[in-house]
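Source file: work.pdb. Holds: PDB, C-alpha atoms.
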ATOM      1  CA  MET A  12     -12.989   7.386 -37.276
ATOM      2  CA  GLN A  13     -13.804   7.526 -40.944
ATOM      3  CA  ARG A  14     -12.441   5.519 -43.800
ATOM      4  CA  ASN A  15     -10.253   7.463 -46.210
ATOM      5  CA  GLU A  16     -11.355   7.625 -49.850
ATOM      6  CA  ASN A  17      -8.635   5.439 -51.366
ATOM      7  CA  GLU A  18      -8.174   3.134 -48.385
ATOM      8  CA  SER A  19      -9.003  -0.562 -48.497
ATOM      9  CA  PHE A  20     -11.228  -1.954 -45.793
ATOM     10  CA  SER A  21      -8.448  -4.137 -44.379
ATOM     11  CA  ASP A  22      -6.165  -1.082 -44.106
ATOM     12  CA  TYR A  23      -8.958   0.821 -42.404
ATOM     13  CA  LYS A  24      -9.513  -2.033 -39.914
ATOM     14  CA  ALA A  25      -5.792  -2.161 -39.123
ATOM     15  CA  ARG A  26      -5.608   1.613 -38.626
ATOM     16  CA  ARG A  27      -8.715   1.538 -36.439
ATOM     17  CA  ALA A  28      -7.315  -1.312 -34.310
ATOM     18  CA  ILE A  29      -4.099   0.631 -33.705
ATOM     19  CA  ALA A  30      -6.064   3.736 -32.750
ATOM     20  CA  ASN A  31      -8.345   1.772 -30.420
ATOM     21  CA  GLU A  32      -5.354   0.201 -28.674
ATOM     22  CA  ALA A  33      -3.779   3.636 -28.239
ATOM     23  CA  VAL A  34      -6.971   4.925 -26.613
ATOM     24  CA  LYS A  35      -7.051   1.919 -24.269
ATOM     25  CA  GLN A  36      -3.475   2.625 -23.219
ATOM     26  CA  ILE A  37      -4.282   6.286 -22.567
ATOM     27  CA  ASN A  38      -7.314   5.327 -20.480
ATOM     28  CA  THR A  39      -5.298   2.779 -18.491
ATOM     29  CA  GLN A  40      -2.616   5.338 -17.699
ATOM     30  CA  ALA A  41      -5.216   7.947 -16.759
ATOM     31  CA  LYS A  42      -6.809   5.522 -14.293
ATOM     32  CA  GLY A  43      -3.531   4.868 -12.522
ATOM     33  CA  GLY A  44      -2.070   1.938 -14.357
ATOM     34  CA  ASP A  45      -2.791  -1.747 -14.348
ATOM     35  CA  GLY A  46      -3.789  -2.021 -10.710
ATOM     36  CA  VAL A  47      -6.684  -3.917  -9.202
ATOM     37  CA  SER A  48     -10.074  -3.347 -10.798
ATOM     38  CA  ALA A  49     -12.284  -0.736  -9.130
ATOM     39  CA  ARG A  50     -14.981  -3.381  -8.772
ATOM     40  CA  TYR A  51     -12.663  -5.841  -7.032
ATOM     41  CA  ASN A  52     -13.713  -4.630  -3.578
ATOM     42  CA  ARG A  53     -17.413  -4.931  -4.418
ATOM     43  CA  PRO A  54     -17.962  -8.705  -4.450
ATOM     44  CA  ASN A  55     -21.667  -8.417  -3.554
ATOM     45  CA  LYS A  56     -22.507  -5.970  -6.349
ATOM     46  CA  GLY A  57     -25.638  -7.197  -8.078
ATOM     47  CA  VAL A  58     -26.520  -9.784  -5.418
ATOM     48  CA  VAL A  59     -30.156  -9.224  -4.515
ATOM     49  CA  ALA A  60     -29.596 -10.145  -0.859
ATOM     50  CA  TYR A  61     -27.251  -7.167  -0.571
ATOM     51  CA  SER A  62     -29.384  -4.694  -2.496
ATOM     52  CA  TYR A  63     -30.051  -1.242  -1.087
ATOM     53  CA  GLY A  64     -33.731  -2.048  -0.559
ATOM     54  CA  ASN A  65     -33.006  -5.197   1.403
ATOM     55  CA  LEU A  66     -30.401  -3.495   3.571
ATOM     56  CA  LEU A  67     -32.816  -0.641   4.254
ATOM     57  CA  ARG A  68     -35.585  -3.084   5.194
ATOM     58  CA  ASP A  69     -33.216  -4.963   7.499
ATOM     59  CA  HIS A  70     -32.172  -1.712   9.178
ATOM     60  CA  PHE A  71     -35.739  -0.685   9.978
ATOM     61  CA  ALA A  72     -36.690  -4.217  11.010
ATOM     62  CA  LYS A  73     -33.838  -4.225  13.545
ATOM     63  CA  LYS A  74     -34.935  -0.834  14.883
ATOM     64  CA  ALA A  75     -38.531  -2.057  15.228
ATOM     65  CA  LEU A  76     -37.338  -5.201  17.016
ATOM     66  CA  GLU A  77     -35.300  -3.092  19.428
ATOM     67  CA  ARG A  78     -38.388  -0.971  20.206
ATOM     68  CA  LEU A  79     -40.493  -4.089  20.812
ATOM     69  CA  LYS A  80     -37.865  -5.572  23.137
ATOM     70  CA  ALA A  81     -37.554  -2.257  25.001
ATOM     71  CA  LYS A  82     -41.305  -2.243  25.738
ATOM     72  CA  LYS A  83     -41.171  -5.668  27.429
TER      73      LYS A  83
END
Target encoding structure tokens, full file:
Amino acid sequence: MQRNENESFSDYKARRAIANEAVKQINTQAKGGDGVSARYNRPNKGVVAYSYGNLLRDHFAKKALERLKAKK
């Protein structure tokens, strides 16, 4: 959004704030309203213990342990 030639900065800020709020409303409606955040069901997001690498390592460690127990 550009500032008009004869527009004061405070008028420009007010016009920009109104436009930004309108865009936020459009985005909220497009996403299905004011429901629960999409990240609400991902409480472990960003926790290193639950990272993809750690889960993958745990998976293969369990498989290796099962093979070792099967040999005995």
Open item on the list: Quick check, in Å to one decimal: how far apart do atom CA of Lys24 of chain A and atom CA of Ala41 of chain A lie?
Closed with: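 Atom CA of Ala41 of chain A lies at a distance of 25.6 Å from atom CA of Lys24 of chain A.
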Task: Å distance separating atom CA of Gly64 of chain A from atom CA of Leu76 of chain A, one decimal place - done: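 Rounded to one decimal, the two atoms are 18.2 Å apart.
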Task: Picked residues, the PyMOL selection byres ((chain A and resi 13) around 12), as number ranges by chain - done: A: 12, 14-18, 20, 22-24, 26-27, 30
Open item on the list: Report, in Å to a single decimal, how far apart atom CA of Asn38 of chain A and atom CA of Ser19 of chain A are.
Closed with: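 Separation between atom CA of Ser19 of chain A and atom CA of Asn38 of chain A: 28.7 Å.
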